[in-house]
file target.txt (compact mmCIF, C-alpha atoms)
# COMPACT_ATOMS: atom_id res chain seq x y z
CA MET A 1 0.00 0.00 0.00
CA ALA A 2 1.27 3.47 -0.89
CA SER A 3 2.46 5.40 2.15
CA GLY A 4 2.03 8.83 0.61
CA LYS A 5 5.57 9.67 1.64
CA THR A 6 8.31 10.69 -0.76
CA LEU A 7 12.06 10.24 -0.62
CA THR A 8 14.42 12.24 -2.83
CA ILE A 9 17.89 10.92 -3.57
CA ALA A 10 20.76 12.63 -5.37
CA ILE A 11 23.47 10.38 -6.76
CA MET A 12 26.69 11.19 -8.57
CA ASP A 13 28.65 8.02 -9.21
CA ALA A 14 28.99 6.41 -12.61
CA PRO A 15 28.11 2.73 -12.99
CA TYR A 16 30.77 0.05 -12.43
CA GLU A 17 33.05 2.36 -10.46
CA SER A 18 31.73 2.53 -6.91
CA ALA A 19 29.57 0.74 -4.39
CA ASN A 20 27.65 3.99 -3.99
CA SER A 21 25.43 3.33 -7.00
CA THR A 22 24.55 -0.16 -5.75
CA THR A 23 23.77 1.28 -2.33
CA ALA A 24 21.54 3.95 -3.84
CA LEU A 25 19.64 1.40 -5.90
CA ARG A 26 19.16 -0.79 -2.81
CA ILE A 27 17.71 2.17 -0.91
CA ILE A 28 15.43 3.01 -3.84
CA HIS A 29 14.28 -0.63 -4.01
CA ALA A 30 13.59 -0.72 -0.26
CA ALA A 31 11.66 2.58 -0.35
CA LEU A 32 9.50 1.45 -3.28
CA GLU A 33 8.86 -1.89 -1.57
CA LYS A 34 7.58 0.01 1.47
CA GLY A 35 5.21 2.00 -0.73
CA HIS A 36 7.10 5.30 -0.80
CA ASN A 37 7.43 7.54 -3.83
CA VAL A 38 11.03 8.11 -4.86
CA ASN A 39 12.60 11.00 -6.75
CA VAL A 40 16.10 10.50 -8.11
CA PHE A 41 18.37 13.26 -9.32
CA ALA A 42 21.18 11.63 -11.29
CA TYR A 43 24.03 14.09 -11.49
CA GLU A 44 27.41 13.93 -13.24
CA GLY A 45 28.51 10.33 -13.92
CA ALA A 46 25.26 8.90 -12.56
CA VAL A 47 23.52 9.82 -15.81
CA ASN A 48 25.30 6.81 -17.32
CA LEU A 49 23.42 4.43 -15.02
CA THR A 50 20.41 4.34 -17.33
CA MET A 51 22.14 4.20 -20.71
CA LYS A 52 20.36 1.82 -23.05
CA ALA A 53 23.52 0.65 -24.82
CA GLN A 54 24.90 -1.12 -21.73
CA GLN A 55 25.56 -4.76 -22.55
CA PRO A 56 26.58 -7.77 -20.45
CA HIS A 57 29.85 -9.42 -21.39
CA PRO A 58 31.60 -12.78 -21.02
CA ASN A 59 34.35 -13.31 -18.46
CA PRO A 60 37.60 -14.63 -19.94
CA VAL A 61 39.11 -15.15 -16.48
CA LYS A 62 36.32 -17.52 -15.49
CA GLY A 63 35.92 -18.85 -19.01
CA THR A 64 32.21 -18.06 -18.98
CA SER A 65 30.09 -17.01 -21.94
CA VAL A 66 27.76 -14.00 -21.94
CA GLU A 67 24.86 -16.32 -21.12
CA GLN A 68 26.69 -18.11 -18.30
CA GLU A 69 28.12 -14.95 -16.76
CA GLN A 70 24.76 -13.15 -16.60
CA HIS A 71 26.60 -9.92 -15.93
CA PRO A 72 24.22 -7.34 -14.45
CA THR A 73 23.67 -3.94 -15.97
CA THR A 74 22.50 -0.92 -14.03
CA LYS A 75 20.07 -0.01 -16.82
CA ASP A 76 18.29 -3.36 -16.31
CA TRP A 77 18.23 -2.90 -12.54
CA ILE A 78 16.72 0.57 -12.93
CA ALA A 79 14.20 -0.61 -15.52
CA SER A 80 13.18 -3.24 -12.97
CA LEU A 81 12.79 -0.56 -10.30
CA PHE A 82 10.39 1.31 -12.59
CA LYS A 83 8.35 -1.89 -12.93
CA LEU A 84 8.38 -2.31 -9.15
CA ALA A 85 7.09 1.24 -8.73
CA GLY A 86 4.24 0.46 -11.12
CA LYS A 87 3.44 -2.75 -9.27
CA LYS A 88 3.36 -0.90 -5.96
CA SER A 89 1.33 1.98 -7.45
CA VAL A 90 3.94 4.52 -6.35
CA LYS A 91 5.97 7.00 -8.39
CA LEU A 92 9.61 6.70 -9.33
CA ASP A 93 10.64 9.99 -10.89
CA TRP A 94 14.18 9.62 -12.23
CA VAL A 95 15.71 12.85 -13.52
CA ASN A 96 18.96 12.79 -15.44
CA CYS A 97 20.78 16.12 -15.29
CA GLY A 98 20.52 17.40 -18.85
CA LEU A 99 23.83 19.28 -18.99
CA CYS A 100 25.63 16.24 -17.55
CA VAL A 101 23.96 14.13 -20.24
CA ASP A 102 25.02 16.51 -23.01
CA GLU A 103 28.67 16.73 -22.00
CA ARG A 104 28.84 12.92 -21.84
CA GLY A 105 26.78 12.23 -24.96
CA ALA A 106 24.71 10.01 -22.70
CA GLY A 107 21.20 10.72 -23.93
CA ASP A 108 19.94 7.27 -24.96
CA TRP A 109 18.22 5.75 -21.93
CA VAL A 110 15.95 2.91 -21.03
CA GLU A 111 12.29 3.80 -20.66
CA GLY A 112 11.47 5.73 -17.49
CA PRO A 113 14.00 8.51 -16.76
CA ARG A 114 13.44 12.07 -17.91
CA ARG A 115 15.70 15.00 -18.63
CA GLY A 116 15.85 17.77 -16.05
CA GLY A 117 18.13 20.02 -14.07
CA PRO A 118 19.07 21.29 -10.61
CA LYS A 119 15.70 23.05 -10.27
CA ASP A 120 13.98 19.67 -10.47
CA PHE A 121 16.14 18.46 -7.60
CA LEU A 122 15.29 21.55 -5.56
CA ASP A 123 11.58 21.18 -6.25
CA ALA A 124 11.64 17.47 -5.47
CA SER A 125 13.57 18.00 -2.28
CA SER A 126 11.24 20.79 -1.15
CA ALA A 127 8.20 18.58 -1.66
CA SER A 128 9.70 15.45 -0.08
CA ASP A 129 9.62 14.03 3.41
CA ALA A 130 13.35 13.36 3.30
CA THR A 131 16.33 13.97 1.02
CA LEU A 132 19.42 11.83 0.84
CA VAL A 133 22.56 12.92 -0.98
CA ILE A 134 25.05 10.22 -1.91
CA PRO A 135 28.07 12.13 -3.21
CA THR A 136 31.02 10.73 -5.07
CA LYS A 137 34.34 10.59 -3.23
CA MET B 1 59.80 -9.90 -18.23
CA PRO B 2 59.64 -7.40 -15.34
CA LYS B 3 58.42 -8.58 -11.97
CA ILE B 4 55.31 -6.60 -11.08
CA LEU B 5 53.83 -6.08 -7.65
CA ASN B 6 50.20 -5.00 -7.68
CA ILE B 7 49.32 -3.36 -4.38
CA VAL B 8 45.55 -3.42 -3.90
CA GLU B 9 44.25 -0.99 -1.28
CA THR B 10 40.77 0.07 -2.43
CA ALA B 11 38.29 -2.70 -1.66
CA TYR B 12 34.72 -3.51 -2.68
CA ARG B 13 34.63 -0.50 -4.98
CA ALA B 14 32.16 -1.86 -7.53
CA THR B 15 32.30 -5.57 -6.83
CA ILE B 16 28.54 -6.10 -6.93
CA GLU B 17 28.08 -4.48 -10.32
CA GLU B 18 31.22 -6.08 -11.74
CA GLN B 19 30.79 -9.46 -10.02
CA ASP B 20 34.47 -9.32 -9.10
CA ASP B 21 37.21 -6.86 -8.14
CA THR B 22 38.42 -5.18 -11.31
CA VAL B 23 42.07 -4.92 -10.23
CA LEU B 24 42.25 -8.59 -9.23
CA TRP B 25 40.52 -9.44 -12.50
CA LEU B 26 43.03 -7.35 -14.45
CA SER B 27 45.90 -9.02 -12.61
CA HIS B 28 44.49 -12.44 -13.47
CA MET B 29 44.19 -11.45 -17.13
CA LEU B 30 47.76 -10.13 -17.18
CA LYS B 31 48.98 -13.38 -15.63
CA ASN B 32 47.15 -15.30 -18.35
CA ALA B 33 48.92 -13.05 -20.87
CA GLY B 34 52.30 -14.05 -19.44
CA ALA B 35 52.98 -11.36 -16.83
CA ASP B 36 55.16 -12.10 -13.80
CA ILE B 37 52.77 -10.60 -11.32
CA SER B 38 52.22 -10.66 -7.56
CA ILE B 39 49.51 -9.15 -5.40
CA LEU B 40 49.81 -7.37 -2.08
CA LEU B 41 46.54 -6.80 -0.22
CA ARG B 42 46.71 -3.90 2.20
CA ALA B 43 44.32 -1.67 4.16
CA ASN B 44 40.64 -2.61 3.61
CA ALA B 45 41.59 -4.96 0.77
CA VAL B 46 42.97 -7.46 3.31
CA ASN B 47 39.34 -8.52 3.71
CA TYR B 48 39.52 -10.02 0.22
CA ALA B 49 41.37 -12.92 1.87
CA ALA B 50 38.62 -13.55 4.44
CA ARG B 51 37.03 -16.95 3.88
CA GLY B 52 33.33 -17.57 3.43
CA GLN B 53 32.24 -14.27 1.89
CA ASP B 54 28.63 -14.35 0.75
CA ALA B 55 27.13 -11.49 -1.25
CA SER B 56 24.17 -13.49 -2.54
CA GLY B 57 20.50 -12.61 -2.35
CA LEU B 58 20.46 -9.17 -3.93
CA SER B 59 17.67 -8.15 -6.26
CA PHE B 60 16.27 -4.96 -7.74
CA GLY B 61 12.60 -5.25 -8.49
CA GLU B 62 12.33 -8.68 -10.09
CA VAL B 63 15.89 -8.75 -11.41
CA LYS B 64 17.92 -11.08 -9.23
CA MET B 65 21.71 -11.08 -8.89
CA THR B 66 22.51 -14.60 -10.02
CA HIS B 67 26.32 -14.51 -9.79
CA PRO B 68 27.39 -12.47 -6.77
CA PRO B 69 31.09 -11.75 -6.34
CA GLU B 70 33.14 -14.41 -4.54
CA ILE B 71 36.31 -12.48 -3.93
CA ASP B 72 37.88 -15.00 -1.55
CA LYS B 73 37.43 -17.74 -4.12
CA ASP B 74 38.85 -15.45 -6.81
CA VAL B 75 41.95 -14.93 -4.64
CA GLU B 76 42.27 -18.69 -4.15
CA LYS B 77 42.05 -19.23 -7.90
CA MET B 78 44.77 -16.64 -8.48
CA ILE B 79 47.02 -18.42 -6.02
CA GLN B 80 46.31 -21.74 -7.73
CA LYS B 81 47.25 -20.05 -10.99
CA GLY B 82 50.67 -19.27 -9.57
CA ILE B 83 50.16 -15.65 -8.54
CA PRO B 84 51.79 -14.99 -5.16
CA VAL B 85 49.27 -13.13 -2.99
CA TYR B 86 50.62 -11.27 0.04
CA LEU B 87 48.71 -9.60 2.82
CA VAL B 88 49.83 -7.02 5.39
CA LYS B 89 49.60 -8.83 8.71
CA GLU B 90 49.00 -5.75 10.85
CA ASP B 91 46.21 -4.50 8.55
CA ALA B 92 44.43 -7.84 8.99
CA GLU B 93 44.90 -7.82 12.76
CA GLU B 94 43.56 -4.25 13.05
CA ARG B 95 40.38 -5.47 11.35
CA GLY B 96 40.02 -8.48 13.64
CA LEU B 97 41.04 -11.01 11.02
CA SER B 98 42.99 -13.88 12.54
CA ASP B 99 44.75 -16.71 10.69
CA LYS B 100 41.70 -18.95 10.96
CA ASP B 101 39.59 -16.32 9.17
CA LEU B 102 41.94 -16.11 6.19
CA ILE B 103 42.42 -18.40 3.24
CA SER B 104 45.34 -20.61 4.12
CA GLU B 105 47.54 -20.06 1.06
CA ILE B 106 47.90 -16.33 1.64
CA LYS B 107 51.43 -15.08 2.39
CA LYS B 108 51.45 -12.78 5.41
CA VAL B 109 54.05 -10.03 5.57
CA THR B 110 54.63 -7.43 8.25
CA ARG B 111 54.88 -3.73 7.52
CA GLN B 112 58.58 -4.04 8.28
CA ASP B 113 58.85 -6.63 5.47
CA LEU B 114 57.36 -4.29 2.85
CA PRO B 115 60.55 -2.50 1.68
CA GLY B 116 62.18 -5.89 1.06
CA LEU B 117 59.11 -7.17 -0.79
CA ILE B 118 58.95 -4.06 -2.96
CA ASP B 119 62.68 -4.35 -3.66
CA GLN B 120 62.11 -7.83 -5.11
CA HIS B 121 60.00 -6.34 -7.89
CA ASP B 122 60.89 -4.20 -10.92
CA GLN B 123 57.57 -2.38 -11.03
CA VAL B 124 55.10 -1.51 -8.27
CA TRP B 125 51.56 -0.55 -9.19
CA HIS B 126 49.51 0.85 -6.31
CA TRP B 127 45.76 0.68 -6.86
call {"tool": "encode", "arguments": {"input": "target.txt", "output": "structure tokens"}}
result
Amino acid sequence: MASGKTLTIAIMDAPYESANSTTALRIIHAALEKGHNVNVFAYEGAVNLTMKAQQPHPNPVKGTSVEQEQHPTTKDWIASLFKLAGKKSVKLDWVNCGLCVDERGAGDWVEGPRRGGPKDFLDASSASDATLVIPTK
Amino acid sequence: MPKILNIVETAYRATIEEQDDTVLWLSHMLKNAGADISILLRANAVNYAARGQDASGLSFGEVKMTHPPEIDKDVEKMIQKGIPVYLVKEDAEERGLSDKDLISEIKKVTRQDLPGLIDQHDQVWHW
């Protein structure tokens, strides 16, 4: 059941470089599971988390094929979080910082995220019950 | 062929998303390509030698993580492959890791041993 509460999260880390992005996605998953709305402001390298062109790969060290390795992609995880939000009848509003997208050429995303800017983060934060910033280090 | 010492300090940086540690993975690949390479685990990376790590059970929505990282097993495989893996004894002790917690084939060195270990190598890469 939807709680009516909203959490806003700002993230900065690019995929495959830090545990921060995994942590953020776990928090988003947990909040959606509990019926909370979640706003995400993906800033700097975090705009790459949703890029559609991400592909799993084989692992030559383990000698595994693409199918055997089942390498995760953050775009699939996030697409799954959008489905979870729909299932729970809550809102996941994922905003990719437009200028960060432009400078990285990172504009081709999975379905769900939208383009925005710092004002969206401010508005989301102002209207939320809590805001969590997970900065890069 | 130069003798290379890879010092790994940063730990668990993106191990869930990558399903392994990228520096250990790179070291393994370089060994397969013929490199004379050794590993030194220091600081938080000493935990890579802790036995019985289990990162299973993670899922996002309905997408389940089917192959979680098994860093301790990766280290064991590297040792089996002929890569000497060293660990700073004091760094392990400071984190409460005793000999029984660590994979048995790991080579423990003290901080005092480090200059000698480094001197045995032609190149030192600190990650």
call {"tool": "interface_residues", "arguments": {"input": "target.txt", "of": "chain B", "to": "chain A", "cutoff": "7 Å", "atoms": "all atoms listed in the file", "output": "VMD selection string"}}
result
chain B and resid 12 to 14 17 to 18 28 to 29 60 to 63
call {"tool": "residues_around", "arguments": {"input": "target.txt", "residues": "Leu117 (chain B)", "least_positions_apart": "5", "cutoff": "10 Å", "atoms": "only C-alpha atoms", "output": "list in words"}}
result
Leu5, Leu40, Tyr86, Val109, Arg111 and Gln112 of chain B
call {"tool": "closest_residue", "arguments": {"input": "target.txt", "among": "B:Asn47, B:Gln80, B:Gln53, B:Asn32", "to": "Glu9 (chain B)", "atoms": "all atoms listed in the file"}}
result
B:Asn47
call {"tool": "atom_distance", "arguments": {"input": "target.txt", "atom1": "CA of Val38 (chain A)", "atom2": "CA of Ala130 (chain A)"}}
result
10.0 Å
call {"tool": "residues_around", "arguments": {"input": "target.txt", "residues": "region 100-102 of chain B", "least_positions_apart": "6", "cutoff": "10 Å", "atoms": "all atoms listed in the file", "output": "PyMOL selection string"}}
result
chain B and resi 46-52+72+87+92
call {"tool": "atom_distance", "arguments": {"input": "target.txt", "atom1": "CA of Asn6 (chain B)", "atom2": "CA of Ile39 (chain B)"}}
result
4.8 Å
call {"tool": "atom_distance", "arguments": {"input": "target.txt", "atom1": "CA of Ala33 (chain B)", "atom2": "CA of Ala53 (chain A)"}}
result
29.1 Å
call {"tool": "closest_residue", "arguments": {"input": "target.txt", "among": "B:Ile106, B:Leu97, B:Gln19, B:Lys3", "to": "Leu58 (chain B)", "atoms": "all atoms listed in the file"}}
result
B:Gln19
call {"tool": "residues_around", "arguments": {"input": "target.txt", "residues": "Thr8 (chain A)", "least_positions_apart": "3", "cutoff": "6 Å", "atoms": "all atoms listed in the file", "output": "JSON, numbers by chain"}}
result
{"A": [38, 39, 40, 125, 131]}
call {"tool": "closest_residue", "arguments": {"input": "target.txt", "among": "A:Ala14, A:Gly117, A:Asp108, A:Ala127", "to": "Asn96 (chain A)", "atoms": "all atoms listed in the file"}}
result
A:Gly117
call {"tool": "axis_aligned_box", "arguments": {"input": "target.txt", "around": "region 104-109 of chain A", "padding_each_side": "5 Å", "output": "lines of an AutoDock Vina configuration file"}}
result
center_x = 23.5
center_y = 9.3
center_z = -23.4
size_x = 20.6
size_y = 17.2
size_z = 13.1
call {"tool": "closest_residue", "arguments": {"input": "target.txt", "among": "A:Thr136, A:Thr64, A:Ser128, A:Thr6", "to": "Ala31 (chain A)", "atoms": "only C-alpha atoms"}}
result
A:Thr6
call {"tool": "residues_near_point", "arguments": {"input": "target.txt", "point": "(21.4, 11.4, -14.6)", "cutoff": "6 Å", "atoms": "only C-alpha atoms", "output": "list in words"}}
result
Ala42, Tyr43, Ala46, Val47, Val95, Asn96 and Cys97 of chain A
call {"tool": "residues_around", "arguments": {"input": "target.txt", "residues": "Arg104 (chain A)", "least_positions_apart": "5", "cutoff": "10 Å", "atoms": "all atoms listed in the file", "output": "PyMOL selection string"}}
result
chain A and resi 44-45+47-48+98-99
call {"tool": "write_last_selection", "arguments": {"input": "target.txt", "atoms": "C-alpha atoms", "output": "PDB file, in the coordinates of the input"}}
result
ATOM      1  CA  GLU A  44      27.410  13.930 -13.240  1.00  0.00           C
ATOM      2  CA  GLY A  45      28.510  10.330 -13.920  1.00  0.00           C
ATOM      3  CA  VAL A  47      23.520   9.820 -15.810  1.00  0.00           C
ATOM      4  CA  ASN A  48      25.300   6.810 -17.320  1.00  0.00           C
ATOM      5  CA  GLY A  98      20.520  17.400 -18.850  1.00  0.00           C
ATOM      6  CA  LEU A  99      23.830  19.280 -18.990  1.00  0.00           C
TER       7      LEU A  99
END
call {"tool": "decode", "arguments": {"input": "target.txt", "residues": "region 11-77 of chain B", "atoms": "C-alpha atoms", "output": "PDB file, in the first residue's frame"}}
result
ATOM      1  CA  ALA B  11      38.290  -2.696  -1.664  1.00  0.00           C
ATOM      2  CA  TYR B  12      34.721  -3.505  -2.678  1.00  0.00           C
ATOM      3  CA  ARG B  13      34.628  -0.495  -4.981  1.00  0.00           C
ATOM      4  CA  ALA B  14      32.165  -1.864  -7.532  1.00  0.00           C
ATOM      5  CA  THR B  15      32.303  -5.566  -6.833  1.00  0.00           C
ATOM      6  CA  ILE B  16      28.544  -6.104  -6.934  1.00  0.00           C
ATOM      7  CA  GLU B  17      28.077  -4.484 -10.324  1.00  0.00           C
ATOM      8  CA  GLU B  18      31.223  -6.083 -11.741  1.00  0.00           C
ATOM      9  CA  GLN B  19      30.787  -9.460 -10.016  1.00  0.00           C
ATOM     10  CA  ASP B  20      34.466  -9.315  -9.101  1.00  0.00           C
ATOM     11  CA  ASP B  21      37.214  -6.863  -8.139  1.00  0.00           C
ATOM     12  CA  THR B  22      38.425  -5.181 -11.314  1.00  0.00           C
ATOM     13  CA  VAL B  23      42.072  -4.917 -10.227  1.00  0.00           C
ATOM     14  CA  LEU B  24      42.247  -8.591  -9.226  1.00  0.00           C
ATOM     15  CA  TRP B  25      40.519  -9.436 -12.501  1.00  0.00           C
ATOM     16  CA  LEU B  26      43.033  -7.351 -14.451  1.00  0.00           C
ATOM     17  CA  SER B  27      45.898  -9.024 -12.606  1.00  0.00           C
ATOM     18  CA  HIS B  28      44.490 -12.436 -13.470  1.00  0.00           C
ATOM     19  CA  MET B  29      44.189 -11.448 -17.129  1.00  0.00           C
ATOM     20  CA  LEU B  30      47.755 -10.128 -17.175  1.00  0.00           C
ATOM     21  CA  LYS B  31      48.981 -13.384 -15.628  1.00  0.00           C
ATOM     22  CA  ASN B  32      47.154 -15.298 -18.346  1.00  0.00           C
ATOM     23  CA  ALA B  33      48.924 -13.050 -20.866  1.00  0.00           C
ATOM     24  CA  GLY B  34      52.301 -14.047 -19.437  1.00  0.00           C
ATOM     25  CA  ALA B  35      52.977 -11.360 -16.835  1.00  0.00           C
ATOM     26  CA  ASP B  36      55.155 -12.104 -13.795  1.00  0.00           C
ATOM     27  CA  ILE B  37      52.766 -10.595 -11.320  1.00  0.00           C
ATOM     28  CA  SER B  38      52.225 -10.664  -7.557  1.00  0.00           C
ATOM     29  CA  ILE B  39      49.509  -9.145  -5.401  1.00  0.00           C
ATOM     30  CA  LEU B  40      49.807  -7.375  -2.081  1.00  0.00           C
ATOM     31  CA  LEU B  41      46.544  -6.803  -0.217  1.00  0.00           C
ATOM     32  CA  ARG B  42      46.706  -3.899   2.202  1.00  0.00           C
ATOM     33  CA  ALA B  43      44.319  -1.669   4.161  1.00  0.00           C
ATOM     34  CA  ASN B  44      40.644  -2.608   3.607  1.00  0.00           C
ATOM     35  CA  ALA B  45      41.592  -4.956   0.769  1.00  0.00           C
ATOM     36  CA  VAL B  46      42.970  -7.458   3.308  1.00  0.00           C
ATOM     37  CA  ASN B  47      39.343  -8.518   3.707  1.00  0.00           C
ATOM     38  CA  TYR B  48      39.515 -10.015   0.223  1.00  0.00           C
ATOM     39  CA  ALA B  49      41.367 -12.919   1.869  1.00  0.00           C
ATOM     40  CA  ALA B  50      38.616 -13.546   4.436  1.00  0.00           C
ATOM     41  CA  ARG B  51      37.034 -16.947   3.884  1.00  0.00           C
ATOM     42  CA  GLY B  52      33.325 -17.567   3.426  1.00  0.00           C
ATOM     43  CA  GLN B  53      32.245 -14.272   1.893  1.00  0.00           C
ATOM     44  CA  ASP B  54      28.630 -14.351   0.746  1.00  0.00           C
ATOM     45  CA  ALA B  55      27.128 -11.490  -1.253  1.00  0.00           C
ATOM     46  CA  SER B  56      24.169 -13.487  -2.542  1.00  0.00           C
ATOM     47  CA  GLY B  57      20.501 -12.607  -2.352  1.00  0.00           C
ATOM     48  CA  LEU B  58      20.463  -9.169  -3.930  1.00  0.00           C
ATOM     49  CA  SER B  59      17.666  -8.154  -6.263  1.00  0.00           C
ATOM     50  CA  PHE B  60      16.270  -4.958  -7.740  1.00  0.00           C
ATOM     51  CA  GLY B  61      12.605  -5.251  -8.492  1.00  0.00           C
ATOM     52  CA  GLU B  62      12.327  -8.677 -10.087  1.00  0.00           C
ATOM     53  CA  VAL B  63      15.891  -8.748 -11.414  1.00  0.00           C
ATOM     54  CA  LYS B  64      17.923 -11.081  -9.231  1.00  0.00           C
ATOM     55  CA  MET B  65      21.708 -11.078  -8.886  1.00  0.00           C
ATOM     56  CA  THR B  66      22.515 -14.597 -10.021  1.00  0.00           C
ATOM     57  CA  HIS B  67      26.315 -14.507  -9.790  1.00  0.00           C
ATOM     58  CA  PRO B  68      27.392 -12.474  -6.772  1.00  0.00           C
ATOM     59  CA  PRO B  69      31.090 -11.746  -6.335  1.00  0.00           C
ATOM     60  CA  GLU B  70      33.138 -14.406  -4.538  1.00  0.00           C
ATOM     61  CA  ILE B  71      36.309 -12.478  -3.926  1.00  0.00           C
ATOM     62  CA  ASP B  72      37.878 -15.003  -1.545  1.00  0.00           C
ATOM     63  CA  LYS B  73      37.433 -17.736  -4.123  1.00  0.00           C
ATOM     64  CA  ASP B  74      38.847 -15.447  -6.815  1.00  0.00           C
ATOM     65  CA  VAL B  75      41.952 -14.930  -4.644  1.00  0.00           C
ATOM     66  CA  GLU B  76      42.274 -18.694  -4.148  1.00  0.00           C
ATOM     67  CA  LYS B  77      42.046 -19.227  -7.904  1.00  0.00           C
TER      68      LYS B  77
END
